[in-house]
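To be precise, the following lines are entry27.cif, and they hold mmCIF, C-alpha atoms.
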data_entry
loop_
_atom_site.label_atom_id
_atom_site.label_comp_id
_atom_site.auth_asym_id
_atom_site.auth_seq_id
_atom_site.Cartn_x
_atom_site.Cartn_y
_atom_site.Cartn_z
CA MET A 284 131.58 59.56 117.73
CA ASN A 285 134.34 60.25 120.21
CA HIS A 286 137.34 61.07 118.06
CA LYS A 287 139.72 61.74 120.89
CA SER A 288 139.51 58.29 122.43
CA ILE A 289 139.85 56.67 119.00
CA LYS A 290 142.90 58.69 118.16
CA LYS A 291 144.48 57.73 121.42
CA SER A 292 144.00 54.01 121.05
CA LEU A 293 144.06 53.41 117.30
CA THR A 294 147.46 53.52 115.63
CA VAL A 295 148.05 54.27 111.96
CA LYS A 296 148.47 50.56 111.37
CA ASP A 297 145.01 49.92 112.81
CA LEU A 298 143.49 52.61 110.61
CA VAL A 299 145.13 51.18 107.49
CA THR A 300 143.89 47.70 108.42
CA CYS A 301 140.38 49.13 108.89
CA GLY A 302 140.55 50.72 105.44
CA ILE A 303 141.64 47.54 103.70
CA PHE A 304 139.07 45.35 105.41
CA THR A 305 136.35 47.92 104.75
CA ALA A 306 137.25 47.70 101.06
CA LEU A 307 136.89 43.90 101.19
CA PHE A 308 133.65 44.22 103.11
CA PHE A 309 132.29 46.63 100.50
CA VAL A 310 133.27 44.38 97.59
CA PHE A 311 131.58 41.34 99.17
CA THR A 312 128.53 43.45 99.96
CA MET A 313 128.35 44.56 96.33
CA VAL A 314 128.70 40.96 95.10
CA GLY A 315 125.81 39.86 97.30
CA GLY A 316 123.76 42.94 96.43
CA MET A 317 124.27 42.59 92.68
CA PHE A 318 122.72 39.11 92.68
CA PHE A 319 119.74 39.80 94.90
CA ALA A 320 118.78 43.47 94.93
CA PRO A 321 117.64 43.80 91.28
CA ASN A 322 114.86 41.26 91.75
CA PRO A 323 111.82 42.46 93.73
CA ILE A 324 111.28 39.05 95.39
CA LEU A 325 114.88 37.92 95.87
CA THR A 326 115.67 41.32 97.36
CA PHE A 327 114.29 40.06 100.67
CA LEU A 328 117.03 37.43 100.73
CA MET A 329 119.77 40.02 100.24
CA PRO A 330 120.36 40.83 103.94
CA SER A 331 120.96 37.17 104.77
CA ALA A 332 123.22 36.77 101.71
CA LEU A 333 125.28 39.72 102.94
CA ALA A 334 125.47 38.20 106.41
CA LEU A 335 126.59 34.92 104.87
CA LEU A 336 129.36 36.54 102.82
CA THR A 337 130.86 39.05 105.22
CA GLY A 338 131.26 37.08 108.47
CA PRO A 339 134.89 35.92 108.09
CA ILE A 340 136.04 39.43 107.10
CA TYR A 341 134.35 41.00 110.11
CA LEU A 342 135.84 38.44 112.50
CA LEU A 343 139.33 38.84 111.04
CA LEU A 344 139.04 42.63 111.35
CA LEU A 345 138.15 42.26 115.03
CA GLY A 346 140.95 39.72 115.40
CA LYS A 347 143.51 42.09 113.90
CA VAL A 348 142.31 45.24 115.64
CA PRO A 349 140.88 44.21 119.02
CA LYS A 350 140.14 47.78 120.13
CA HIS A 351 137.28 50.25 120.29
CA GLY A 352 136.75 51.86 116.89
CA PRO A 353 137.12 49.49 113.92
CA THR A 354 133.44 48.58 113.65
CA ILE A 355 132.47 52.24 114.02
CA ILE A 356 134.83 53.13 111.17
CA LEU A 357 133.52 50.19 109.14
CA GLY A 358 129.94 51.32 109.72
CA THR A 359 130.67 54.97 108.98
CA ILE A 360 132.48 54.32 105.70
CA MET A 361 129.99 51.66 104.58
CA GLY A 362 127.17 54.09 105.36
CA PHE A 363 128.92 56.76 103.33
CA MET A 364 129.41 54.39 100.37
CA ILE A 365 125.81 53.14 100.57
CA PHE A 366 124.61 56.73 100.59
CA ILE A 367 126.82 57.61 97.60
CA THR A 368 125.53 54.63 95.61
CA GLY A 369 122.03 55.99 96.12
CA MET A 370 120.43 53.53 98.56
CA TYR A 371 117.74 54.53 101.02
CA TRP A 372 119.23 56.94 103.57
CA MET A 373 117.95 55.03 106.60
CA TRP A 374 120.23 52.17 105.59
CA ALA A 375 123.25 54.45 105.86
CA VAL A 376 122.08 55.70 109.27
CA PHE A 377 121.60 52.12 110.44
CA TYR A 378 125.12 51.23 109.33
CA ILE A 379 126.57 53.91 111.59
CA LEU A 380 124.27 53.22 114.56
CA LEU A 381 124.74 49.46 114.41
CA GLY A 382 128.49 49.96 113.97
CA ILE A 383 128.50 51.79 117.31
CA ALA A 384 126.28 49.11 118.90
CA ALA A 385 128.52 46.33 117.58
CA ASP A 386 131.54 48.16 118.99
CA LEU A 387 129.95 48.33 122.44
CA ILE A 388 128.89 44.65 122.39
CA ALA A 389 132.25 43.34 121.24
CA GLY A 390 133.91 45.76 123.65
CA ALA A 391 132.03 44.20 126.57
CA GLY A 392 134.14 41.08 126.00
CA ARG A 393 137.25 43.15 125.29
CA PHE A 394 137.04 41.93 121.68
CA LYS A 395 138.38 38.52 122.74
CA SER A 396 135.14 36.74 123.56
CA ASN A 397 133.98 34.57 120.66
CA LYS A 398 130.34 34.68 121.64
CA LEU A 399 130.19 38.44 122.02
CA ASN A 400 132.10 39.00 118.76
CA ILE A 401 129.62 36.78 116.91
CA LEU A 402 126.72 38.55 118.61
CA SER A 403 128.12 41.91 117.55
CA PHE A 404 128.39 40.67 113.95
CA LEU A 405 124.76 39.50 114.04
CA ILE A 406 123.67 42.91 115.31
CA PHE A 407 125.80 44.66 112.69
CA SER A 408 124.33 42.48 109.93
CA MET A 409 120.86 43.81 110.72
CA ASN A 410 121.78 47.02 108.86
CA PRO A 411 119.68 46.43 105.70
CA ILE A 412 116.60 46.21 107.93
CA GLY A 413 116.95 50.01 108.19
CA SER A 414 115.82 50.18 104.60
CA TYR A 415 113.33 47.31 104.51
CA MET A 416 111.51 48.12 107.72
CA MET A 417 110.04 51.16 106.02
CA LEU A 418 107.85 48.68 104.11
CA TRP A 419 106.02 48.03 107.34
CA ILE A 420 106.35 51.36 109.09
CA ASN A 421 105.46 53.76 106.32
CA ARG A 422 104.95 51.93 103.07
CA GLU A 423 103.54 54.89 101.11
CA SER A 424 106.42 57.26 101.74
CA TYR A 425 108.98 54.50 101.08
CA PHE A 426 107.41 53.63 97.75
CA SER A 427 107.04 57.24 96.70
CA TYR A 428 110.73 57.74 97.60
CA MET A 429 111.73 54.73 95.51
CA LEU A 430 109.52 55.78 92.59
CA GLY A 431 110.90 59.30 92.78
CA LYS A 432 114.38 57.81 92.69
CA GLY A 433 113.58 56.11 89.42
CA THR A 434 112.65 52.58 90.55
CA GLU A 435 110.14 50.93 88.21
CA GLN A 436 106.47 50.85 89.13
CA SER A 437 106.29 47.07 88.60
CA TYR A 438 109.29 46.50 90.90
CA VAL A 439 107.60 48.40 93.69
CA GLU A 440 104.28 46.57 93.15
CA ILE A 441 105.82 43.09 93.29
CA MET A 442 107.91 44.10 96.27
CA GLY A 443 104.83 45.38 98.07
CA ALA A 444 102.91 42.19 97.31
CA THR A 445 105.76 40.03 98.63
CA ALA A 446 106.19 41.99 101.85
CA GLN A 447 103.62 40.26 104.02
CA GLY A 448 103.49 40.69 107.77
CA TRP A 449 105.53 37.56 108.49
CA MET A 450 108.30 38.72 106.18
CA LEU A 451 110.07 41.02 108.66
CA PRO A 452 110.59 38.42 111.42
CA ALA A 453 111.46 35.86 108.72
CA MET A 454 114.14 38.22 107.41
CA ILE A 455 115.57 38.79 110.88
CA ILE A 456 115.66 35.06 111.59
CA SER A 457 117.29 34.32 108.23
CA ILE A 458 119.93 36.98 108.93
CA ILE A 459 120.66 35.39 112.31
CA ILE A 460 120.94 31.88 110.83
CA CYS A 461 123.11 32.95 107.89
CA GLY A 462 125.24 35.15 110.12
CA LEU A 463 125.82 32.26 112.51
CA ILE A 464 126.83 29.92 109.67
CA SER A 465 129.14 32.58 108.30
CA CYS A 466 130.72 33.18 111.70
CA LEU A 467 131.25 29.48 112.38
CA VAL A 468 132.92 29.03 108.99
CA GLY A 469 134.94 32.19 109.60
CA LYS A 470 136.02 31.06 113.05
CA LYS A 471 137.15 27.72 111.63
CA LEU A 472 139.13 29.42 108.87
CA LEU A 473 140.77 31.80 111.31
CA LYS A 474 141.74 28.97 113.61
CA LYS A 475 143.01 26.75 110.82
CA GLN A 476 144.86 29.28 108.70
CA PHE A 477 145.46 32.61 110.41
CA LYS A 478 146.27 31.70 114.01
CA LYS A 479 148.91 29.26 112.77
CA ALA A 480 150.45 31.85 110.47
CA GLY A 481 150.60 34.28 113.39
CA MET A 482 148.37 36.80 111.60
CA ILE A 483 146.20 37.38 114.66
CA ALA A 484 147.72 38.47 117.93
CA MET B 69 141.32 48.13 84.64
CA LYS B 70 144.62 47.06 86.08
CA SER B 71 146.85 48.87 83.63
CA MET B 72 144.76 51.99 83.86
CA LEU B 73 145.03 52.34 87.57
CA LYS B 74 148.79 52.08 87.73
CA ILE B 75 150.46 55.08 89.26
CA GLY B 76 152.55 55.84 86.20
CA ALA B 77 149.56 55.87 83.92
CA LYS B 78 148.05 58.88 85.62
CA ASN B 79 147.92 62.39 84.28
CA LYS B 80 147.90 61.38 80.65
CA GLY B 81 144.50 62.96 80.02
CA LEU B 82 143.87 66.51 78.86
CA LEU B 83 142.08 67.46 82.04
CA HIS B 84 143.17 67.15 85.60
CA LEU B 85 140.49 67.89 88.15
CA ASP B 86 140.73 68.66 91.84
CA PRO B 87 139.62 65.61 93.89
CA ARG B 88 137.06 67.77 95.64
CA THR B 89 135.54 68.67 92.28
CA MET B 90 135.28 64.96 91.49
CA LEU B 91 133.53 64.33 94.81
CA LEU B 92 131.16 67.22 94.11
CA LEU B 93 130.44 65.80 90.63
CA LEU B 94 129.77 62.41 92.23
CA VAL B 95 127.17 63.94 94.56
CA MET B 96 125.64 65.86 91.66
CA GLY B 97 125.54 62.70 89.56
CA ASN B 98 123.63 60.95 92.33
CA LEU B 99 121.24 63.87 92.54
CA ALA B 100 120.74 63.69 88.77
CA VAL B 101 119.90 59.96 88.92
CA PHE B 102 117.55 60.81 91.76
CA ILE B 103 115.50 63.39 89.82
CA MET B 104 115.96 61.75 86.40
CA PRO B 105 112.86 62.50 84.29
CA SER B 106 113.39 60.23 81.29
CA VAL B 107 115.64 57.72 79.58
CA LYS B 108 116.86 60.45 77.24
CA GLY B 109 118.17 62.44 80.20
CA GLU B 110 119.92 59.34 81.47
CA ILE B 111 121.60 58.75 78.10
CA LEU B 112 122.73 62.39 78.08
CA LEU B 113 124.19 61.94 81.57
CA THR B 114 126.09 58.81 80.53
CA VAL B 115 127.45 60.50 77.42
CA MET B 116 128.57 63.51 79.49
CA ILE B 117 130.35 61.26 81.97
CA LEU B 118 131.92 59.31 79.10
CA ILE B 119 133.28 62.56 77.64
CA LEU B 120 134.61 63.55 81.05
CA GLY B 121 136.28 60.16 81.42
CA LEU B 122 137.89 60.43 78.00
CA LEU B 123 139.12 63.97 78.70
CA CYS B 124 140.60 62.79 81.98
CA GLY B 125 142.43 60.02 80.18
CA VAL B 126 140.53 57.04 81.63
CA TYR B 127 139.88 55.52 78.20
CA GLY B 128 139.34 51.75 78.55
CA PHE B 129 137.30 51.86 81.72
CA SER B 130 134.92 54.61 80.53
CA PHE B 131 134.39 52.91 77.18
CA LYS B 132 133.75 49.55 78.82
CA LEU B 133 131.14 50.90 81.21
CA ALA B 134 129.46 53.02 78.55
CA LEU B 135 129.28 49.95 76.30
CA ILE B 136 127.70 47.92 79.09
CA TYR B 137 125.27 50.76 79.68
CA PHE B 138 124.12 50.88 76.07
CA ALA B 139 124.00 47.08 75.84
CA PHE B 140 121.67 47.08 78.86
CA LEU B 141 119.60 49.77 77.23
CA GLY B 142 119.29 47.56 74.14
CA ILE B 143 118.39 44.45 76.17
CA ASP B 144 115.77 46.45 78.03
CA TYR B 145 114.28 47.71 74.77
CA ILE B 146 114.20 44.24 73.18
CA CYS B 147 112.68 42.69 76.30
CA MET B 148 109.93 45.27 76.46
CA THR B 149 109.00 45.43 72.77
CA VAL B 150 109.77 42.04 71.20
CA PHE B 151 109.07 39.47 73.91
CA ASN B 152 107.00 41.21 76.57
CA SER B 153 106.41 38.07 78.60
CA HIS B 154 106.70 37.52 82.36
CA LEU B 155 110.28 36.29 82.17
CA SER B 156 111.46 39.06 79.91
CA ASN B 157 109.92 41.60 82.25
CA TYR B 158 112.02 40.20 85.06
CA ILE B 159 115.14 40.44 82.93
CA ALA B 160 114.26 44.02 82.03
CA LEU B 161 113.81 44.89 85.70
CA PHE B 162 117.18 43.38 86.56
CA VAL B 163 118.94 45.19 83.74
CA ARG B 164 117.28 48.51 84.58
CA PHE B 165 118.26 48.29 88.23
CA ILE B 166 121.93 47.84 87.40
CA ARG B 167 121.79 50.47 84.66
CA LYS B 168 120.82 53.11 87.22
CA VAL B 169 124.01 52.49 89.17
CA LEU B 170 126.33 52.59 86.14
CA PRO B 171 126.71 56.37 85.60
CA CYS B 172 127.79 56.95 89.18
CA GLY B 173 129.97 53.85 89.04
CA MET B 174 131.70 55.41 86.06
CA LEU B 175 132.25 58.65 87.96
CA GLY B 176 133.66 56.74 90.93
CA GLY B 177 136.01 54.82 88.63
CA ILE B 178 137.23 58.05 87.06
CA LEU B 179 137.85 59.48 90.54
CA ILE B 180 139.93 56.44 91.56
CA GLY B 181 141.69 56.33 88.20
CA THR B 182 142.83 59.95 88.11
CA THR B 183 143.63 61.02 91.67
CA ARG B 184 146.86 60.20 93.39
CA VAL B 185 146.77 59.20 97.02
CA ASN B 186 148.66 62.24 98.24
CA GLU B 187 146.33 64.53 96.32
CA PHE B 188 143.24 62.84 97.71
CA MET B 189 144.53 63.03 101.28
CA ALA B 190 145.58 66.67 100.95
CA ALA B 191 142.18 67.59 99.50
CA LEU B 192 140.26 65.72 102.19
CA SER B 193 142.34 67.10 105.04
CA ARG B 194 141.59 70.57 103.66
CA MET B 195 137.94 69.67 104.23
CA ASN B 196 138.81 69.03 107.92
CA ILE B 197 137.87 65.36 107.87
CA PRO B 198 139.30 63.64 110.98
CA LYS B 199 142.20 61.27 110.49
CA SER B 200 140.29 58.28 111.84
CA VAL B 201 138.02 58.47 108.78
CA LEU B 202 140.47 60.00 106.32
CA ILE B 203 143.10 57.25 106.45
CA PRO B 204 140.73 54.25 106.13
CA LEU B 205 138.81 55.98 103.31
CA THR B 206 141.97 56.73 101.34
CA VAL B 207 143.37 53.25 101.88
CA MET B 208 140.07 51.76 100.77
CA LEU B 209 139.95 53.70 97.49
CA ARG B 210 143.55 52.74 96.84
CA TYR B 211 142.90 49.08 97.61
CA PHE B 212 139.92 48.52 95.28
CA PRO B 213 142.00 47.94 92.12
CA ALA B 214 144.26 45.58 94.07
CA ILE B 215 141.27 43.42 95.02
CA GLY B 216 140.48 42.99 91.32
CA GLU B 217 144.06 41.91 90.59
CA ASP B 218 144.10 39.52 93.53
CA THR B 219 140.85 37.88 92.50
CA LYS B 220 142.15 37.30 89.00
CA LYS B 221 145.33 35.67 90.29
CA ILE B 222 143.43 33.55 92.79
CA LYS B 223 141.10 32.32 90.05
CA ASN B 224 144.07 31.35 87.91
CA ALA B 225 145.68 29.53 90.80
CA MET B 226 142.43 27.72 91.52
CA LYS B 227 142.15 26.57 87.92
CA MET B 228 145.72 25.33 88.04
CA ARG B 229 144.97 23.20 91.07
CA ASN B 230 141.73 21.99 89.56
CA VAL B 231 139.35 23.80 91.90
CA THR B 232 136.57 25.27 89.80
CA PRO B 233 136.04 28.87 90.79
CA GLY B 234 132.57 30.36 90.75
CA PHE B 235 129.12 28.98 91.22
CA LEU B 236 129.67 25.51 89.72
CA GLY B 237 132.58 24.74 92.00
CA PHE B 238 130.61 26.02 94.94
CA ILE B 239 127.90 23.42 94.35
CA LYS B 240 130.44 20.62 93.85
CA ASN B 241 132.53 21.31 96.91
CA PRO B 242 131.38 24.31 98.94
CA ALA B 243 133.82 24.08 101.85
CA ARG B 244 136.88 23.91 99.63
CA THR B 245 135.72 26.70 97.32
CA ILE B 246 135.02 29.00 100.25
CA GLU B 247 138.41 28.26 101.75
CA CYS B 248 140.17 28.76 98.42
CA ILE B 249 138.59 32.17 97.91
CA TYR B 250 138.48 33.63 101.40
CA VAL B 251 141.84 32.54 102.75
CA PRO B 252 144.10 34.00 100.01
CA ILE B 253 142.07 37.21 99.77
CA MET B 254 142.16 37.78 103.52
CA MET B 255 145.81 36.72 103.76
CA SER B 256 146.88 39.16 101.09
CA ALA B 257 144.67 41.85 102.67
CA SER B 258 146.35 41.54 106.04
CA ARG B 259 149.81 41.38 104.50
CA ARG B 260 149.12 44.49 102.44
CA ALA B 261 147.80 46.25 105.54
CA ASP B 262 151.12 45.63 107.29
CA GLU B 263 153.19 46.76 104.32
CA LEU B 264 151.08 49.83 103.64
CA SER B 265 151.12 51.00 107.23
CA ALA B 266 154.89 50.60 107.43
CA ALA B 267 155.24 52.60 104.20
CA SER B 268 152.92 55.37 105.36
CA VAL B 269 154.53 55.64 108.78
CA SER B 270 157.93 56.02 107.17
CA ARG B 271 156.49 58.79 105.03
CA GLY B 272 155.35 60.64 108.12
CA ILE B 273 151.63 60.07 108.19
CA GLU B 274 151.68 60.30 111.99
CA ASN B 275 152.77 63.92 111.84
CA PRO B 276 150.20 65.77 113.96
CA LEU B 277 150.69 69.05 112.08
CA LYS B 278 148.61 70.14 109.12
CA ARG B 279 149.34 68.13 106.00
CA THR B 280 151.24 69.83 103.21
CA SER B 281 151.38 68.74 99.60
CA ILE B 282 154.02 69.31 96.95
CA GLN B 283 151.28 69.33 94.39
CA GLU B 284 149.14 72.41 94.34
CA ILE B 285 145.59 71.60 95.34
CA ARG B 286 143.22 74.32 94.25
CA PHE B 287 140.18 74.94 92.13
CA ARG B 288 141.10 75.92 88.59
CA THR B 289 139.11 77.12 85.61
CA VAL B 290 138.52 73.56 84.39
CA ASP B 291 136.96 72.68 87.73
CA ALA B 292 134.64 75.65 87.45
CA ILE B 293 133.70 74.67 83.89
CA CYS B 294 132.94 71.06 84.87
CA VAL B 295 130.85 72.05 87.87
CA LEU B 296 129.05 74.66 85.76
CA ALA B 297 128.27 72.08 83.07
CA ALA B 298 126.95 69.68 85.70
CA LEU B 299 124.84 72.47 87.24
CA LEU B 300 123.39 73.42 83.85
CA TYR B 301 122.57 69.77 83.24
CA LEU B 302 120.84 69.49 86.63
CA ILE B 303 118.77 72.61 85.97
CA PHE B 304 117.96 71.27 82.50
CA ILE B 305 116.56 67.95 83.75
CA TRP B 306 114.89 69.66 86.69
CA ARG B 307 112.89 71.92 84.36
CA ILE B 308 111.74 69.14 82.04
#

What would the structure in this file look like if it were written as structure tokens?
Amino acid sequence: MNHKSIKKSLTVKDLVTCGIFTALFFVFTMVGGMFFAPNPILTFLMPSALALLTGPIYLLLLGKVPKHGPTIILGTIMGFMIFITGMYWMWAVFYILLGIAADLIAGAGRFKSNKLNILSFLIFSMNPIGSYMMLWINRESYFSYMLGKGTEQSYVEIMGATAQGWMLPAMIISIIICGLISCLVGKKLLKKQFKKAGMIA
Amino acid sequence: MKSMLKIGAKNKGLLHLDPRTMLLLLVMGNLAVFIMPSVKGEILLTVMILILGLLCGVYGFSFKLALIYFAFLGIDYICMTVFNSHLSNYIALFVRFIRKVLPCGMLGGILIGTTRVNEFMAALSRMNIPKSVLIPLTVMLRYFPAIGEDTKKIKNAMKMRNVTPGFLGFIKNPARTIECIYVPIMMSASRRADELSAASVSRGIENPLKRTSIQEIRFRTVDAICVLAALLYLIFIWRI
């Protein structure tokens, strides 16, 4: 991460805004995670639930801080929190990497282009795939990691049985659909409520 | 949780730990959950964290989470021994998953409940964390309790205007429920962001020099004792 360029362009106000919206993002992520993650079958729906919940917050963050940096900060802190709460470490790495990717995509439209902002959110929402893709890449080591971490044997077995080959593309497609819905709702809310109130420059 | 996290309520406990010690304990707690050998070890961990929370003066929150923990333990036990059907196994899985997160959640709550913002920032800037991460992280920790308060108020307001909050209302009228939850939360978030940044700028957060703190930030004997206890515990469960 290039700290110098961020320091130059991000003011204290931007950093504070990032912090507050990251807190909201984390709370909504936890709400979605709490419902879906504890069940070995529903857990595959969790990424799309997260995409569905967090869209408006992401768009408002980009609307308030249309600069390079906020999504990188969001990704870094979310990765840190995910790591602290004991999730699979690849998820945390994906948060940071996809945060940087989302920053570059949204930056290509100078953070003003609706389409590119939505695309960057869709890319950013792929972050849980970092954890789930291990089911297809190296199932044994993923399961032994989860078992070592204290996950129940039966959880892992049901999860393994559910994770068929078509599941990964299905997950990605469901994330895209849910993310799009979330973004459209978010865009509508922003237009109806926040633009009028002068909250977004 | 609200009353506990007020600024004035801090420092009423017997212990006051350095924020860095709390962060270290958080990492160690995660490590302990990671290598946890048995349920007994987990109970010991929860009891230790409960004692720490009580010593630090975070009474209600620690008790509440410990109670939830032991209730989950009981539900798990009943599900596995009395019913032992397919459905009860699912419930047990659900309960167990959340139970694993509780000890560290307790530690995190104690960290937020006992450290002041200036302390946290001074400790983190001692660790040479860049400002672009330090400020958002501090603001985030500070803002968590406020989200809880906001949600409560929004729910009350929704009831008053006859919009059912929660899942039932969502089924009845999804668009309105979404609007009634998201808009006030995001509005208050952006307003608070403006206020907070104005407050921190006027307190000189933009000062490029090294941050100083009127409160002494250093490791004391209590910190050493806590870390030592945690280390002994880790070695103990490692050997079993």

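Among A:Met313, A:Ile356, A:Leu342, A:Leu335, the residue with the shortest atom-to-atom distance to chain B, counting only C-alpha atoms, is A:Ile356.
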
Written as a ChimeraX atom specification, which residues does the PyMOL selection byres ((chain A and resi 332) around 9) give for the file shown? /A:312,315-316,319,328-331,333-337,458,461-462

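Residues near the point (114.1, 54.9, 86.8), at a distance of 10 Å or less over all atoms listed in the file, make up Met429, Leu430, Gly431, Lys432, Gly433, Thr434, Glu435 and Gln436 of chain A; Val101, Phe102, Ile103, Met104, Pro105, Ser106, Val107, Glu110, Arg164, Phe165, Arg167 and Lys168 of chain B.
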
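Distance annotation: of A:Phe477, A:Phe309, A:Trp374, A:Trp449, the residue with the minimal separation from A:Gly346 is A:Phe477; atom set is all atoms listed in the file.
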
Each chain B residue no farther than 7 Å from chain A, nearest pair in Å, only C-alpha atoms, as a tab-separated table:
residue	atom	partner	partner_atom	distance
B:Asn98	CA	A:Gly369	CA	6.4
B:Phe102	CA	A:Lys432	CA	4.5
B:Ile103	CA	A:Lys432	CA	6.4
B:Met104	CA	A:Gly433	CA	6.8
B:Leu161	CA	A:Pro321	CA	6.9
B:Phe162	CA	A:Pro321	CA	4.8
B:Phe165	CA	A:Pro321	CA	5.5
B:Val169	CA	A:Thr368	CA	7.0
B:Ser200	CA	A:Leu298	CA	6.6
B:Val201	CA	A:Ile356	CA	6.7
B:Ile203	CA	A:Leu298	CA	6.2
B:Pro204	CA	A:Gly302	CA	3.6
B:Leu205	CA	A:Gly302	CA	5.9
B:Val207	CA	A:Gly302	CA	5.2
B:Met208	CA	A:Gly302	CA	4.8
B:Tyr211	CA	A:Ile303	CA	6.4
B:Phe212	CA	A:Ala306	CA	6.4
B:Ala257	CA	A:Ile303	CA	6.5
B:Ala261	CA	A:Thr300	CA	5.1
B:Asp262	CA	A:Lys296	CA	6.9
B:Ser265	CA	A:Lys296	CA	4.9

Could you tell me which of A:Thr354, A:Ser403, A:Ser292, A:Ser396 comes closest to A:Leu463 if we count all atoms listed in the file?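 Of the candidates, the smallest distance to A:Leu463 is held by A:Ser403.
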
Between atom CA of B:Ala266 and atom CA of B:Ser281, measure the distance and give it in Å to one decimal.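 It comes out at 20.1 Å.
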
Provide the atom CA of B:Arg286 to atom CA of B:Leu91 distance in Å, to one decimal place.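 These two atoms are separated by 13.9 Å.
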
Provide the atom CA of B:Gly121 to atom CA of B:Ile197 distance in Å, to one decimal place.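 Atom-to-atom, atom CA of B:Gly121 to atom CA of B:Ile197, that is 27.0 Å.
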
May I have the protein, DNA and RNA residues with an atom at most 9 Å from (111.7, 45.8, 105.8), counting only C-alpha atoms in the file's coordinates, returned as a short mmCIF file (atom, residue, chain, number, x, y, z; two decimals) with C-alpha atoms, in the coordinates of the input?
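Just written: selection18.cif:
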data_model
loop_
_atom_site.label_atom_id
_atom_site.label_comp_id
_atom_site.auth_asym_id
_atom_site.auth_seq_id
_atom_site.Cartn_x
_atom_site.Cartn_y
_atom_site.Cartn_z
CA PHE A 327 114.29 40.06 100.67
CA PRO A 411 119.68 46.43 105.70
CA ILE A 412 116.60 46.21 107.93
CA GLY A 413 116.95 50.01 108.19
CA SER A 414 115.82 50.18 104.60
CA TYR A 415 113.33 47.31 104.51
CA MET A 416 111.51 48.12 107.72
CA MET A 417 110.04 51.16 106.02
CA LEU A 418 107.85 48.68 104.11
CA TRP A 419 106.02 48.03 107.34
CA ILE A 420 106.35 51.36 109.09
CA ALA A 446 106.19 41.99 101.85
CA MET A 450 108.30 38.72 106.18
CA LEU A 451 110.07 41.02 108.66
CA MET A 454 114.14 38.22 107.41
#

Can you sort out stretch 440-449 of chain A so it carries N, CA, C and O atoms, written as an mmCIF file, in the frame of the given file?
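That gives us rebuild-v3.cif:
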data_model
loop_
_atom_site.group_PDB
_atom_site.id
_atom_site.type_symbol
_atom_site.label_atom_id
_atom_site.label_comp_id
_atom_site.auth_asym_id
_atom_site.auth_seq_id
_atom_site.Cartn_x
_atom_site.Cartn_y
_atom_site.Cartn_z
ATOM 1 N N GLU A 440 105.525 47.310 92.936
ATOM 2 C CA GLU A 440 104.280 46.570 93.150
ATOM 3 C C GLU A 440 104.561 45.142 93.607
ATOM 4 O O GLU A 440 103.957 44.651 94.562
ATOM 5 N N ILE A 441 105.511 44.481 92.911
ATOM 6 C CA ILE A 441 105.820 43.090 93.290
ATOM 7 C C ILE A 441 106.423 43.057 94.686
ATOM 8 O O ILE A 441 106.097 42.205 95.505
ATOM 9 N N MET A 442 107.283 44.045 94.962
ATOM 10 C CA MET A 442 107.910 44.100 96.270
ATOM 11 C C MET A 442 106.850 44.266 97.361
ATOM 12 O O MET A 442 106.885 43.601 98.393
ATOM 13 N N GLY A 443 105.887 45.148 97.093
ATOM 14 C CA GLY A 443 104.830 45.380 98.070
ATOM 15 C C GLY A 443 103.989 44.140 98.285
ATOM 16 O O GLY A 443 103.587 43.820 99.408
ATOM 17 N N ALA A 444 103.731 43.391 97.200
ATOM 18 C CA ALA A 444 102.910 42.190 97.310
ATOM 19 C C ALA A 444 103.646 41.105 98.087
ATOM 20 O O ALA A 444 103.042 40.313 98.803
ATOM 21 N N THR A 445 104.985 41.070 97.947
ATOM 22 C CA THR A 445 105.760 40.030 98.630
ATOM 23 C C THR A 445 105.906 40.331 100.112
ATOM 24 O O THR A 445 106.011 39.416 100.928
ATOM 25 N N ALA A 446 105.912 41.609 100.467
ATOM 26 C CA ALA A 446 106.190 41.990 101.850
ATOM 27 C C ALA A 446 104.967 41.783 102.725
ATOM 28 O O ALA A 446 104.270 42.730 103.067
ATOM 29 N N GLN A 447 104.706 40.549 103.095
ATOM 30 C CA GLN A 447 103.620 40.260 104.020
ATOM 31 C C GLN A 447 104.095 40.527 105.440
ATOM 32 O O GLN A 447 105.259 40.803 105.670
ATOM 33 N N GLY A 448 103.157 40.397 106.377
ATOM 34 C CA GLY A 448 103.490 40.690 107.770
ATOM 35 C C GLY A 448 104.561 39.782 108.340
ATOM 36 O O GLY A 448 105.383 40.205 109.139
ATOM 37 N N TRP A 449 104.570 38.501 107.910
ATOM 38 C CA TRP A 449 105.530 37.560 108.490
ATOM 39 C C TRP A 449 106.929 37.735 107.918
ATOM 40 O O TRP A 449 107.877 37.126 108.378
#
